[in-house]
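Here the structure is laid out as structure tokens; the discussion comes afterwards.
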Amino acid sequence: HDRQIGTEPWGAGGFFFGVVAGTGAGMEGALGRLGFMTPNDGLMTATWTEQSAVEFDLLQMDKEREGDMDGEVRLNRAEHVRYLREALLDGLGPEFACLDASQPWLVYWMLHGLDLLGEEELLGDVELRERVAKSIARMQHPVLGGFGGGPGQLPHLASTYAAVSALAIVDQIDKVVDRASLLRFLTSMKDPCNGGFRVTASGETDARGTYCALAV
């Protein structure tokens, strides 16, 4: 824990860690006084350090924007709603092309964000619900069942979880999901050797796959 973290290019957080690095438990105490909530259980790991650097940067950004020095972070609901509405209705930019295999997740994250923010009127819009249903339906595998990360892609338990969750938010499950083929897909992912579920054909078996299968 005596590593000089502040010498690395961590942005604004780098300066902060340059001040408090090497103090062990004292570093966690300093973070706590600044309003950080991520505990490290006394272990100064690289991932905890990176997480705390991000939290520090965000706190500084909030102070600069609001002129507030009390360390309180507030959610800008209007801006989040605006961003999610535009992304959902107008589409995402080309920078999201790298997430082509995560299309059900993108739809789910946008809908779930709006749901958490209480945008019931938008989520109840008939046209929006139909658009979501049509988009997700194109990702349902016509032979194997389940949903892939995009049209024509092989089904995956994670993308199936996201697709079904997105449909549930807009109450379109019965209009899209082929329950019989979905059940076949889910049971085909059961690993007879350990009782868990593979995430996809010939894929890994882990708690993530089991959770997605049971949740669906």
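Identifiers in the structure tokens: chain A, B, ... in order shown; residue index from 1 per chain; ligand index from 1 in order shown.
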
Which residues come within 7 Å of segment 169-185 of chain A, counting only C-alpha atoms, excluding same-chain residues fewer than 4 positions away, as a ChimeraX atom specification?
/A:123-124,129,133,137,144-146,164-165,189

Do you know which residues are at most 6 Å from Phe197 of chain A counting only C-alpha atoms, after dropping those on the same chain fewer than 4 positions away, and could you put them as a ChimeraX atom specification?
/A:189-191,205,209-210

From A:Glu204, A:Leu43, A:Gly148, A:Arg198, residue lying nearest Ala101 of chain A [only C-alpha atoms]
A:Gly148

I'd like a table as JSON lines: residues in segment 109-135 of chain A with an atom no more than 10 Å from segment 75-95 of chain A, each row giving the shortest atom pair and its distance in Å to one decimal, only C-alpha atoms counted, sorted by chain and rising residue number.
```
{"residue": "A:Trp109", "atom": "CA", "partner": "A:Leu84", "partner_atom": "CA", "distance": 9.0}
{"residue": "A:Met110", "atom": "CA", "partner": "A:Leu84", "partner_atom": "CA", "distance": 5.7}
{"residue": "A:Leu111", "atom": "CA", "partner": "A:Leu88", "partner_atom": "CA", "distance": 7.9}
{"residue": "A:His112", "atom": "CA", "partner": "A:Leu84", "partner_atom": "CA", "distance": 9.8}
{"residue": "A:Gly113", "atom": "CA", "partner": "A:Leu84", "partner_atom": "CA", "distance": 7.3}
{"residue": "A:Leu114", "atom": "CA", "partner": "A:Val81", "partner_atom": "CA", "distance": 6.5}
{"residue": "A:Asp115", "atom": "CA", "partner": "A:Val81", "partner_atom": "CA", "distance": 10.0}
{"residue": "A:Leu117", "atom": "CA", "partner": "A:Arg77", "partner_atom": "CA", "distance": 7.2}
{"residue": "A:Gly118", "atom": "CA", "partner": "A:Val81", "partner_atom": "CA", "distance": 9.5}
{"residue": "A:Glu119", "atom": "CA", "partner": "A:Val81", "partner_atom": "CA", "distance": 8.0}
{"residue": "A:Leu122", "atom": "CA", "partner": "A:Arg85", "partner_atom": "CA", "distance": 8.5}
{"residue": "A:Leu128", "atom": "CA", "partner": "A:Leu89", "partner_atom": "CA", "distance": 8.0}
{"residue": "A:Arg131", "atom": "CA", "partner": "A:Leu89", "partner_atom": "CA", "distance": 9.2}
{"residue": "A:Val132", "atom": "CA", "partner": "A:Leu88", "partner_atom": "CA", "distance": 9.3}
```

From a DSSP pass on the backbone, collect the residues of segment 73-198 of chain A flagged as strand (DSSP E or B) and hand them back as number ranges by chain.
A: 140, 147-148, 155, 190, 197-198

What separates atom CA of Glu121 of chain A and atom CA of Trp105 of chain A is a distance of 21.9 Å

Check segment 17-213 of chain A with DSSP on the backbone and list each residue it calls helix (DSSP H, G or I), as a ChimeraX atom specification.
/A:17-20,25-33,46-66,77-90,94-116,120-123,126-137,157-169,173-176,179-188,207-213

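Rounded to one decimal, atom CA of Asp100 of chain A and atom CA of Asp57 of chain A lie 29.4 Å from each other.
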
To one decimal in Å, tell me the separation between atom CA of Leu106 of chain A and atom CA of His156 of chain A.
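These atoms are spaced 15.1 Å apart.
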
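Counting only C-alpha atoms and comparing A:Leu214, A:Met44, A:Ile136, A:Leu99, the residue that lies closest to Leu167 of chain A is A:Ile136.
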